[in-house]
Amino acid sequence: MAAEGGHGPQTSGDYITHHLQNLQVCKVGDEWVWNECAGNMMTINVDSMFWSAFLGLIFCFTFWRVARASSVGKPTKWQAFVEIIVEFVDASVKETFQGKSNLIAPLGLTIFVWVFLMNLMDLVPVDWIPVVVADWMLGIPYMKIVPTTDVNVTFGMSIAVFVLILVYTHLAKGPFALVKDLMLHPIEPSFKSTGAIIASVPIMAFNLILEVVALVAKPISLSLRLFGNMFAGELIFILIALLGLWQLPLHFGWAVFHVLIVTLQAFIFMMLTIVYLSLASEKH
Amino acid sequence: MDINLTLIGQSIAMVVFVWFCMKFIWPPILHALEERQQQIEEGLAAADKSQEKLVEAQAKADEIVAEARHQATGILDQAHARANEIVAEGKDSGVKERERQLAAAKAEIEQETNKAREELRGQVSAIALASAEKILKREIDGKTHDDILGKLAQEI
(Lines give C-alpha, C1' and ligand atoms only; values in the text may rest on other atoms or scores of the structure.)
Protein backbone atom coordinates (compact mmCIF):
# COMPACT_ATOMS: atom_id res chain seq x y z
CA MET A 1 0.00 0.00 0.00
CA ALA A 2 2.98 2.28 0.45
CA ALA A 3 3.55 2.48 -3.28
CA GLU A 4 0.37 3.80 -4.83
CA GLY A 5 1.58 5.01 -8.18
CA GLY A 6 1.58 8.68 -8.93
CA HIS A 7 -1.08 9.60 -6.42
CA GLY A 8 0.32 8.22 -3.17
CA PRO A 9 3.27 9.43 -1.16
CA GLN A 10 6.58 7.83 -1.98
CA THR A 11 8.46 7.01 1.22
CA SER A 12 7.25 5.57 4.49
CA GLY A 13 7.82 8.89 6.19
CA ASP A 14 5.77 10.67 3.56
CA TYR A 15 3.05 8.07 3.85
CA ILE A 16 2.77 8.51 7.61
CA THR A 17 2.88 12.30 7.47
CA HIS A 18 0.27 12.25 4.75
CA HIS A 19 -2.08 10.14 6.82
CA LEU A 20 -1.61 12.31 9.88
CA GLN A 21 -2.22 15.57 8.05
CA ASN A 22 -5.59 17.22 8.49
CA LEU A 23 -7.43 18.83 5.64
CA GLN A 24 -7.16 22.44 6.67
CA VAL A 25 -8.51 25.76 5.59
CA CYS A 26 -7.17 28.98 7.09
CA LYS A 27 -7.35 32.69 6.79
CA VAL A 28 -4.25 34.37 5.46
CA GLY A 29 -4.83 38.06 5.21
CA ASP A 30 -8.30 38.38 3.73
CA GLU A 31 -8.29 35.09 1.92
CA TRP A 32 -9.15 31.55 2.94
CA VAL A 33 -6.48 29.19 1.71
CA TRP A 34 -6.25 25.40 1.78
CA ASN A 35 -3.51 23.35 3.42
CA GLU A 36 -0.88 26.06 3.96
CA CYS A 37 -1.73 26.70 7.53
CA ALA A 38 1.24 25.64 9.68
CA GLY A 39 1.30 27.77 12.81
CA ASN A 40 -1.82 29.72 11.86
CA MET A 41 -4.41 29.96 14.65
CA MET A 42 -7.22 30.91 12.28
CA THR A 43 -7.39 27.42 10.89
CA ILE A 44 -10.23 24.98 10.68
CA ASN A 45 -9.55 21.28 10.34
CA VAL A 46 -12.28 20.61 7.85
CA ASP A 47 -12.04 16.82 8.00
CA SER A 48 -12.24 16.70 11.81
CA MET A 49 -15.19 19.05 11.85
CA PHE A 50 -16.94 17.21 9.06
CA TRP A 51 -16.54 13.75 10.51
CA SER A 52 -17.33 14.72 14.08
CA ALA A 53 -20.43 16.63 12.99
CA PHE A 54 -21.41 13.79 10.67
CA LEU A 55 -21.08 11.19 13.43
CA GLY A 56 -22.83 13.47 15.91
CA LEU A 57 -25.70 13.79 13.45
CA ILE A 58 -25.80 10.02 13.03
CA PHE A 59 -26.08 9.70 16.79
CA CYS A 60 -28.77 12.36 17.02
CA PHE A 61 -30.74 11.02 14.11
CA THR A 62 -30.75 7.35 15.06
CA PHE A 63 -31.49 8.00 18.71
CA TRP A 64 -34.05 10.63 17.87
CA ARG A 65 -35.89 8.21 15.63
CA VAL A 66 -36.08 5.74 18.49
CA ALA A 67 -37.12 8.45 20.94
CA ARG A 68 -39.84 9.71 18.64
CA ALA A 69 -41.37 6.29 18.06
CA SER A 70 -40.49 4.79 21.42
CA SER A 71 -43.10 2.29 22.44
CA VAL A 72 -43.78 1.28 25.99
CA GLY A 73 -45.41 -2.04 25.31
CA LYS A 74 -43.69 -3.37 22.23
CA PRO A 75 -40.18 -2.04 21.71
CA THR A 76 -38.39 -2.83 18.48
CA LYS A 77 -34.99 -4.51 18.60
CA TRP A 78 -33.27 -1.27 17.74
CA GLN A 79 -35.18 0.49 20.49
CA ALA A 80 -34.15 -2.22 22.91
CA PHE A 81 -30.53 -1.68 21.90
CA VAL A 82 -30.78 2.08 22.37
CA GLU A 83 -32.48 1.54 25.71
CA ILE A 84 -29.64 -0.67 26.87
CA ILE A 85 -27.21 2.18 26.24
CA VAL A 86 -29.52 4.74 27.83
CA GLU A 87 -30.02 2.59 30.91
CA PHE A 88 -26.30 1.94 31.16
CA VAL A 89 -25.55 5.67 31.08
CA ASP A 90 -28.42 6.41 33.43
CA ALA A 91 -27.16 3.84 35.92
CA SER A 92 -23.62 5.25 35.74
CA VAL A 93 -24.90 8.77 36.33
CA LYS A 94 -27.15 7.78 39.22
CA GLU A 95 -24.32 5.88 40.83
CA THR A 96 -21.94 8.83 40.72
CA PHE A 97 -23.96 12.01 40.65
CA GLN A 98 -26.01 12.49 43.79
CA GLY A 99 -27.88 15.66 42.93
CA LYS A 100 -30.68 16.08 40.46
CA SER A 101 -29.84 17.38 37.04
CA ASN A 102 -31.55 17.24 33.68
CA LEU A 103 -28.30 17.89 31.90
CA ILE A 104 -25.80 15.37 33.21
CA ALA A 105 -27.39 12.17 31.97
CA PRO A 106 -28.02 13.38 28.39
CA LEU A 107 -24.56 14.91 28.44
CA GLY A 108 -23.11 11.56 29.43
CA LEU A 109 -25.09 9.76 26.75
CA THR A 110 -24.03 12.20 24.05
CA ILE A 111 -20.39 12.02 25.07
CA PHE A 112 -20.39 8.24 25.30
CA VAL A 113 -22.04 7.51 21.98
CA TRP A 114 -20.44 10.35 20.08
CA VAL A 115 -16.91 9.65 21.28
CA PHE A 116 -17.48 5.96 20.68
CA LEU A 117 -18.53 6.61 17.08
CA MET A 118 -15.60 8.95 16.50
CA ASN A 119 -13.20 6.41 17.93
CA LEU A 120 -14.81 3.69 15.87
CA MET A 121 -13.68 5.40 12.69
CA ASP A 122 -10.25 4.13 13.67
CA LEU A 123 -11.32 0.65 12.59
CA VAL A 124 -11.92 1.69 9.00
CA PRO A 125 -8.80 0.56 7.13
CA VAL A 126 -6.50 3.55 6.95
CA ASP A 127 -6.32 3.80 3.19
CA TRP A 128 -9.95 3.38 2.23
CA ILE A 129 -11.21 6.86 2.81
CA PRO A 130 -8.10 9.09 2.84
CA VAL A 131 -6.54 7.52 -0.26
CA VAL A 132 -9.21 5.70 -2.23
CA VAL A 133 -12.24 7.89 -1.70
CA ALA A 134 -10.77 11.29 -0.95
CA ASP A 135 -7.63 11.31 -3.03
CA TRP A 136 -8.51 9.13 -6.00
CA MET A 137 -12.21 9.74 -6.37
CA LEU A 138 -12.71 13.26 -5.09
CA GLY A 139 -9.25 14.73 -5.47
CA ILE A 140 -9.01 15.84 -1.87
CA PRO A 141 -5.35 15.67 -0.79
CA TYR A 142 -5.79 15.02 2.94
CA MET A 143 -8.48 13.30 4.94
CA LYS A 144 -8.15 12.24 8.55
CA ILE A 145 -11.29 10.34 9.36
CA VAL A 146 -10.82 9.79 13.09
CA PRO A 147 -11.80 13.08 14.74
CA THR A 148 -10.53 12.01 18.15
CA THR A 149 -6.99 11.80 16.81
CA ASP A 150 -7.18 15.57 16.42
CA VAL A 151 -6.25 17.28 19.66
CA ASN A 152 -8.54 20.18 18.79
CA VAL A 153 -11.54 17.91 18.88
CA THR A 154 -10.81 16.33 22.24
CA PHE A 155 -9.81 19.67 23.67
CA GLY A 156 -12.93 21.29 22.34
CA MET A 157 -15.03 18.76 24.20
CA SER A 158 -13.07 18.90 27.41
CA ILE A 159 -13.27 22.69 27.43
CA ALA A 160 -17.04 22.48 27.15
CA VAL A 161 -16.92 20.12 30.13
CA PHE A 162 -14.62 22.56 31.94
CA VAL A 163 -17.09 25.39 31.45
CA LEU A 164 -19.80 23.12 32.83
CA ILE A 165 -17.62 22.39 35.88
CA LEU A 166 -17.37 26.12 36.58
CA VAL A 167 -21.11 26.60 36.03
CA TYR A 168 -22.01 23.74 38.32
CA THR A 169 -19.69 24.97 41.04
CA HIS A 170 -21.34 28.35 40.81
CA LEU A 171 -24.87 26.95 40.78
CA ALA A 172 -24.33 24.54 43.64
CA LYS A 173 -22.32 26.68 46.03
CA GLY A 174 -22.97 30.31 45.21
CA PRO A 175 -21.03 33.08 43.51
CA PHE A 176 -17.80 32.97 45.53
CA ALA A 177 -17.65 29.23 45.84
CA LEU A 178 -15.03 28.82 43.16
CA VAL A 179 -12.70 31.34 44.80
CA LYS A 180 -13.27 29.71 48.17
CA ASP A 181 -12.71 26.26 46.73
CA LEU A 182 -9.46 27.42 45.20
CA MET A 183 -8.08 29.30 48.22
CA LEU A 184 -9.26 27.47 51.33
CA HIS A 185 -7.99 24.01 50.41
CA PRO A 186 -6.05 21.88 51.03
CA ILE A 187 -4.40 23.88 53.88
CA GLU A 188 -7.07 25.67 55.85
CA PRO A 189 -6.23 29.31 56.65
CA SER A 190 -7.43 30.92 59.88
CA PHE A 191 -9.30 34.23 60.17
CA LYS A 192 -9.41 34.49 63.95
CA SER A 193 -7.22 37.56 64.37
CA THR A 194 -5.47 40.17 62.26
CA GLY A 195 -2.18 38.37 62.64
CA ALA A 196 -3.74 35.11 61.57
CA ILE A 197 -5.24 36.76 58.49
CA ILE A 198 -1.86 38.17 57.51
CA ALA A 199 -0.31 34.77 58.04
CA SER A 200 -3.06 33.24 55.95
CA VAL A 201 -2.19 35.20 52.83
CA PRO A 202 0.79 33.06 51.76
CA ILE A 203 -1.17 29.95 52.68
CA MET A 204 -4.01 31.01 50.44
CA ALA A 205 -1.61 31.88 47.65
CA PHE A 206 -0.10 28.44 47.96
CA ASN A 207 -3.57 26.87 47.95
CA LEU A 208 -4.50 28.91 44.92
CA ILE A 209 -1.52 27.73 42.91
CA LEU A 210 -2.13 24.12 43.89
CA GLU A 211 -5.86 24.16 43.24
CA VAL A 212 -5.67 26.08 39.97
CA VAL A 213 -3.23 23.47 38.68
CA ALA A 214 -5.58 20.73 39.84
CA LEU A 215 -8.55 22.45 38.23
CA VAL A 216 -6.83 23.11 34.91
CA ALA A 217 -5.40 19.62 34.87
CA LYS A 218 -8.92 18.23 34.66
CA PRO A 219 -9.80 19.29 31.12
CA ILE A 220 -6.23 18.83 29.90
CA SER A 221 -5.94 15.30 31.21
CA LEU A 222 -9.43 14.52 29.97
CA SER A 223 -8.65 15.56 26.43
CA LEU A 224 -5.07 14.35 26.25
CA ARG A 225 -5.98 10.91 27.52
CA LEU A 226 -8.47 10.39 24.73
CA PHE A 227 -6.29 12.05 22.13
CA GLY A 228 -3.18 10.09 23.15
CA ASN A 229 -4.91 6.75 23.04
CA MET A 230 -6.57 7.30 19.71
CA PHE A 231 -3.58 8.93 18.09
CA ALA A 232 -1.29 6.12 19.15
CA GLY A 233 -3.82 3.55 17.92
CA GLU A 234 -4.15 5.32 14.59
CA LEU A 235 -0.38 5.60 14.23
CA ILE A 236 0.01 1.89 14.79
CA PHE A 237 -2.66 1.16 12.19
CA ILE A 238 -0.70 3.33 9.74
CA LEU A 239 2.56 1.57 10.59
CA ILE A 240 0.88 -1.81 10.12
CA ALA A 241 -0.46 -0.62 6.77
CA LEU A 242 3.15 -0.12 5.65
CA LEU A 243 3.95 -3.80 5.98
CA GLY A 244 2.45 -5.00 2.73
CA LEU A 245 0.76 -8.39 2.87
CA TRP A 246 1.70 -9.01 6.49
CA GLN A 247 -0.60 -6.21 7.51
CA LEU A 248 -3.66 -8.45 7.19
CA PRO A 249 -3.26 -10.63 10.31
CA LEU A 250 -1.60 -7.84 12.23
CA HIS A 251 -4.27 -5.37 11.31
CA PHE A 252 -6.92 -7.80 12.44
CA GLY A 253 -5.18 -8.43 15.77
CA TRP A 254 -4.69 -4.77 16.48
CA ALA A 255 -8.25 -3.95 15.43
CA VAL A 256 -9.64 -6.51 17.85
CA PHE A 257 -7.55 -5.03 20.62
CA HIS A 258 -8.50 -1.55 19.54
CA VAL A 259 -12.21 -2.26 19.87
CA LEU A 260 -11.53 -2.46 23.58
CA ILE A 261 -9.70 0.87 23.62
CA VAL A 262 -12.39 2.52 21.52
CA THR A 263 -15.12 1.53 23.97
CA LEU A 264 -13.06 2.05 27.06
CA GLN A 265 -11.94 5.55 26.13
CA ALA A 266 -15.49 6.60 25.31
CA PHE A 267 -16.62 5.23 28.66
CA ILE A 268 -13.75 6.90 30.55
CA PHE A 269 -14.47 10.25 28.95
CA MET A 270 -18.12 10.00 29.95
CA MET A 271 -17.41 8.72 33.43
CA LEU A 272 -14.80 11.38 34.24
CA THR A 273 -17.13 14.09 32.98
CA ILE A 274 -19.79 12.85 35.36
CA VAL A 275 -17.31 12.58 38.22
CA TYR A 276 -15.95 16.09 37.68
CA LEU A 277 -19.43 17.56 37.55
CA SER A 278 -20.50 15.64 40.61
CA LEU A 279 -17.43 16.88 42.49
CA ALA A 280 -18.21 20.41 41.36
CA SER A 281 -21.75 20.31 42.67
CA GLU A 282 -20.87 18.56 45.90
CA LYS A 283 -21.22 20.65 49.05
CA HIS A 284 -18.42 20.37 51.56
CA MET B 1 -1.52 19.14 15.64
CA ASP B 2 -1.71 22.83 16.41
CA ILE B 3 -4.47 24.27 18.45
CA ASN B 4 -6.72 26.23 16.15
CA LEU B 5 -10.29 27.29 15.43
CA THR B 6 -11.41 23.67 15.19
CA LEU B 7 -11.43 23.64 18.97
CA ILE B 8 -14.15 26.27 19.13
CA GLY B 9 -16.05 24.62 16.33
CA GLN B 10 -15.97 21.32 18.15
CA SER B 11 -17.14 22.94 21.40
CA ILE B 12 -20.07 24.49 19.57
CA ALA B 13 -20.90 21.17 17.91
CA MET B 14 -20.82 19.47 21.28
CA VAL B 15 -23.11 22.05 22.87
CA VAL B 16 -25.56 21.63 20.00
CA PHE B 17 -25.55 17.83 20.18
CA VAL B 18 -25.86 17.77 23.94
CA TRP B 19 -28.71 20.26 23.76
CA PHE B 20 -30.44 18.16 21.13
CA CYS B 21 -29.99 15.01 23.17
CA MET B 22 -31.26 16.72 26.31
CA LYS B 23 -34.28 18.10 24.52
CA PHE B 24 -35.39 15.43 22.09
CA ILE B 25 -33.69 12.13 22.85
CA TRP B 26 -33.26 11.59 26.56
CA PRO B 27 -36.71 12.50 27.95
CA PRO B 28 -38.86 10.33 25.62
CA ILE B 29 -36.62 7.29 25.93
CA LEU B 30 -36.36 7.56 29.69
CA HIS B 31 -40.08 8.24 29.91
CA ALA B 32 -40.79 5.07 27.95
CA LEU B 33 -38.40 3.12 30.18
CA GLU B 34 -39.96 4.38 33.38
CA GLU B 35 -43.46 3.84 32.12
CA ARG B 36 -42.57 0.29 31.15
CA GLN B 37 -41.07 -0.31 34.59
CA GLN B 38 -44.27 0.93 36.14
CA GLN B 39 -46.37 -1.22 33.86
CA ILE B 40 -44.34 -4.29 34.71
CA GLU B 41 -44.67 -3.51 38.38
CA GLU B 42 -48.42 -3.06 38.06
CA GLY B 43 -48.68 -6.20 35.98
CA LEU B 44 -46.88 -8.24 38.60
CA ALA B 45 -49.05 -6.81 41.34
CA ALA B 46 -52.17 -7.59 39.32
CA ALA B 47 -50.93 -11.12 38.73
CA ASP B 48 -50.41 -11.58 42.47
CA LYS B 49 -53.85 -10.22 43.15
CA SER B 50 -55.52 -12.45 40.60
CA GLN B 51 -53.64 -15.41 42.03
CA GLU B 52 -55.10 -14.60 45.42
CA LYS B 53 -58.53 -14.18 43.89
CA LEU B 54 -58.16 -17.48 42.13
CA VAL B 55 -57.42 -19.22 45.41
CA GLU B 56 -60.39 -17.49 46.97
CA ALA B 57 -62.67 -18.47 44.11
CA GLN B 58 -61.39 -22.03 44.25
CA ALA B 59 -62.26 -22.21 47.94
CA LYS B 60 -65.68 -20.78 47.26
CA ALA B 61 -66.29 -23.21 44.45
CA ASP B 62 -65.23 -26.11 46.65
CA GLU B 63 -67.66 -24.90 49.30
CA ILE B 64 -70.50 -24.69 46.80
CA VAL B 65 -69.75 -28.12 45.43
CA ALA B 66 -69.66 -29.59 48.92
CA GLU B 67 -72.97 -27.99 49.76
CA ALA B 68 -74.49 -29.21 46.52
CA ARG B 69 -73.25 -32.69 47.21
CA HIS B 70 -74.73 -32.52 50.67
CA GLN B 71 -78.06 -31.38 49.28
CA ALA B 72 -77.99 -34.08 46.65
CA THR B 73 -77.43 -36.70 49.30
CA GLY B 74 -80.39 -35.30 51.22
CA ILE B 75 -82.60 -35.35 48.15
CA LEU B 76 -81.53 -38.89 47.35
CA ASP B 77 -82.35 -40.01 50.88
CA GLN B 78 -85.73 -38.35 50.68
CA ALA B 79 -86.40 -39.98 47.36
CA HIS B 80 -85.45 -43.38 48.75
CA ALA B 81 -87.70 -42.87 51.71
CA ARG B 82 -90.55 -41.76 49.48
CA ALA B 83 -90.05 -44.73 47.22
CA ASN B 84 -90.11 -47.10 50.14
CA GLU B 85 -93.20 -45.39 51.36
CA ILE B 86 -94.88 -45.73 47.99
CA VAL B 87 -93.96 -49.40 47.79
CA ALA B 88 -95.26 -49.96 51.27
CA GLU B 89 -98.45 -48.11 50.44
CA GLY B 90 -98.82 -50.23 47.30
CA LYS B 91 -98.33 -53.38 49.28
CA ASP B 92 -100.83 -52.25 51.83
CA SER B 93 -103.48 -51.38 49.31
CA GLY B 94 -102.78 -54.65 47.50
CA VAL B 95 -103.38 -56.58 50.65
CA LYS B 96 -106.58 -54.65 51.32
CA GLU B 97 -107.82 -55.19 47.81
CA ARG B 98 -107.10 -58.85 48.03
CA GLU B 99 -108.94 -59.08 51.29
CA ARG B 100 -111.81 -57.12 49.87
CA GLN B 101 -112.03 -59.37 46.83
CA LEU B 102 -111.64 -62.40 49.02
CA ALA B 103 -114.49 -61.24 51.19
CA ALA B 104 -116.62 -60.51 48.15
CA ALA B 105 -115.85 -63.93 46.74
CA LYS B 106 -116.67 -65.53 50.06
CA ALA B 107 -119.92 -63.65 50.26
CA GLU B 108 -120.83 -64.64 46.75
CA ILE B 109 -119.92 -68.25 47.47
CA GLU B 110 -122.06 -68.14 50.54
CA GLN B 111 -124.90 -66.60 48.64
CA GLU B 112 -124.58 -69.23 45.96
CA THR B 113 -124.42 -71.93 48.60
CA ASN B 114 -127.54 -70.61 50.30
CA LYS B 115 -129.27 -70.40 47.01
CA ALA B 116 -128.26 -73.94 46.15
CA ARG B 117 -129.24 -75.10 49.56
CA GLU B 118 -132.63 -73.43 49.23
CA GLU B 119 -133.13 -75.05 45.87
CA LEU B 120 -131.92 -78.33 47.14
CA ARG B 121 -134.22 -78.04 50.10
CA GLY B 122 -137.11 -77.32 47.79
CA GLN B 123 -136.21 -80.24 45.61
CA VAL B 124 -135.67 -82.57 48.58
CA SER B 125 -138.97 -81.52 50.09
CA ALA B 126 -140.59 -82.02 46.70
CA ILE B 127 -138.98 -85.41 46.38
CA ALA B 128 -139.92 -86.26 49.96
CA LEU B 129 -143.38 -85.00 49.33
CA ALA B 130 -143.63 -87.02 46.19
CA SER B 131 -142.28 -90.09 47.85
CA ALA B 132 -144.44 -89.50 50.85
CA GLU B 133 -147.41 -88.96 48.57
CA LYS B 134 -146.66 -92.23 46.88
CA ILE B 135 -146.38 -93.89 50.26
CA LEU B 136 -149.42 -92.25 51.64
CA LYS B 137 -151.45 -92.85 48.53
CA ARG B 138 -150.98 -96.34 49.42
CA GLU B 139 -151.70 -95.97 53.03
CA ILE B 140 -153.38 -92.75 54.00
CA ASP B 141 -154.63 -89.55 52.62
CA GLY B 142 -151.79 -87.35 51.84
CA LYS B 143 -153.62 -84.23 52.83
CA THR B 144 -153.64 -85.04 56.50
CA HIS B 145 -149.94 -85.47 56.63
CA ASP B 146 -149.11 -82.43 54.47
CA ASP B 147 -148.38 -80.14 57.36
CA ILE B 148 -146.15 -82.72 58.97
CA LEU B 149 -144.25 -83.10 55.74
CA GLY B 150 -144.06 -79.34 55.32
CA LYS B 151 -142.59 -79.07 58.78
CA LEU B 152 -140.10 -81.76 57.87
CA ALA B 153 -139.08 -80.05 54.71
CA GLN B 154 -138.59 -76.88 56.71
CA GLU B 155 -136.33 -78.63 59.13
CA ILE B 156 -134.03 -80.07 56.49
# chains A, B, ... in the order shown; residues from 1 in each chain; ligands from 1
>>> interface_residues(of="chain B", to="chain A", cutoff="7 Å", atoms="only C-alpha atoms", output="list of chain:residue names")
B:Met1, B:Asp2, B:Ile3, B:Asn4, B:Leu5, B:Thr6, B:Leu7, B:Ile8, B:Gln10, B:Ser11, B:Ala13, B:Met14, B:Phe17, B:Val18, B:Cys21, B:Met22, B:Phe24, B:Ile25, B:Trp26, B:Pro28, B:Ile29, B:Ala32, B:Glu35, B:Arg36
>>> residues_around(residues="segment 220-222 of chain A", least_positions_apart="3", cutoff="7 Å", atoms="only C-alpha atoms", output="JSON, numbers by chain")
{"A": [158, 216, 217, 225, 226, 269]}
>>> closest_residue(among="A:Phe227, A:Phe54, A:Tyr142, A:Trp254", to="Tyr15 of chain A", atoms="only C-alpha atoms")
A:Tyr142
